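Q: Handing you a structure now.
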Amino acid sequence: SAYSDAYTGGGFILNMVLVLVVGPLGEEVLMRGLMTGRLLGRLPLWFVVVLPTVLFGLGHAAGGLGQIAGTTMTGLVFTLIFVWTNSLRTAVLAHTLNNLIAAFLPWDAMMAAINMPVKVTVCIIGLAVAAYAAYMLYRRWDKNAAIA
């Protein structure tokens, strides 16, 4: 896959830092922290959710229409996580987990073998599981922070 090809060269460590640290942190601070955080309470909630979601998807246009669709869906999850938990940490964590999975699974071969309704169903289930996992981690993290 394009992902695995990018990570087999000499730049593996640099790519992992970019994909697992710089990308999630930078994109979440910009899209959720600055944009969503500043607009919450000032504009209708639907607009506050839709705007960063669409911009996040369009920001990945270099990967084509499939990449735009996929990142728009994940951007929606990251935005909802941020709004629901009021925590940038949880959105960054969900984004990092998403990128970690995307970096190591052979997506090209898997997606070529699956028909479209199954792809959509798998994406929805995966996003729901990632959102739930991020929320549960946030709850645990928040309890530990309160105790300390």
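Each chain in the structure tokens gets a letter, A, B, ..., in the order shown, and its residues are numbered from 1; ligands are numbered from 1 in order too.
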Can you tell me, as a list of chain:residue names, what residues are no more than 12 Å from His60 in chain A when counting only C-alpha atoms, ignoring any on the same chain fewer than 2 positions away?
A: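 These residues fall inside the cut-off: A:Gly23, A:Glu27, A:Thr53, A:Val54, A:Leu55, A:Phe56, A:Gly57, A:Leu58, A:Ala62, A:Gly63, A:Gly64, A:Leu65, A:Gly66, A:Gln67, A:Ile68, A:Ala69, A:Gly70, A:Thr71, A:Thr72, A:Met73, A:Thr74, A:Gly75.
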Q: Pick out the residues sitting within 12 Å of Tyr132 in chain A, and hand them over as a short mmCIF file (atom, residue, chain, number, x, y, z; two decimals) with C-alpha atoms, in the first residue's frame; count only C-alpha atoms, and ignore anything fewer than 5 positions along from it in its own chain.
A:
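Final output, saved to selection-v2.cif:
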```
data_model
loop_
_atom_site.label_atom_id
_atom_site.label_comp_id
_atom_site.auth_asym_id
_atom_site.auth_seq_id
_atom_site.Cartn_x
_atom_site.Cartn_y
_atom_site.Cartn_z
CA VAL A 77 -15.64 11.91 14.73
CA PHE A 78 -12.72 14.01 16.01
CA LEU A 80 -17.73 15.31 17.92
CA ILE A 81 -15.24 13.87 20.41
CA TRP A 84 -18.63 15.98 23.60
CA THR A 85 -15.66 15.80 25.96
CA THR A 90 -9.07 13.14 23.61
CA ALA A 91 -9.33 14.37 20.02
CA LEU A 93 -5.53 10.67 21.10
CA ALA A 94 -8.30 9.50 18.74
CA ILE A 125 -18.19 0.67 12.90
CA GLY A 126 -14.48 1.53 13.08
CA LEU A 127 -15.18 5.20 13.70
CA LEU A 137 -9.67 6.66 27.77
CA TYR A 138 -10.63 10.26 28.42
CA ARG A 139 -12.84 9.25 31.36
#
```
Q: Restricting the calculation to only C-alpha atoms, which member of A:Ala102, A:Ala130, A:Leu88, A:Cys123 is positioned closest to Gly26 in chain A?
A: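 Closest candidate: A:Leu88.
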Q: Quick one: pull the distance between CA of Met16 in chain A and CA of Asn99 in chain A, Å, one decimal.
A: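 Between CA of Met16 in chain A and CA of Asn99 in chain A the gap is 9.4 Å.
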Q: For CA of Leu51 in chain A and CA of Val120 in chain A, quote the distance in Å rounded to one decimal.
A: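 CA of Val120 in chain A lies 22.3 Å from CA of Leu51 in chain A.
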Q: Have a look at A:Leu105, A:Leu40, A:Val48, A:Val92 and name the one nearest to Leu25 in chain A; count only C-alpha atoms.
A: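 Of all the options, A:Val92 lies closest to Leu25 in chain A.
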Q: Please give the complete set of residues from range 27-119 of chain A that DSSP, run on the backbone, assigns to alpha helix (DSSP H), formatted as a PyMOL selection string.
A: chain A and resi 27-28+37-39+45-58+65-85+88-104+107-112+116-119
Q: Please determine, counting only C-alpha atoms, which residue among A:Val29, A:Ala61, A:Val83, A:Val22 has the shortest atom-to-atom distance to Leu45 in chain A.
A: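 The shortest atom-to-atom distance to Leu45 in chain A comes from A:Val83.
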Q: Pick out the closest residue to Arg89 in chain A from this set: A:Gly59, A:Met35, A:Leu14, A:Tyr135. Count only C-alpha atoms.
A: A:Tyr135
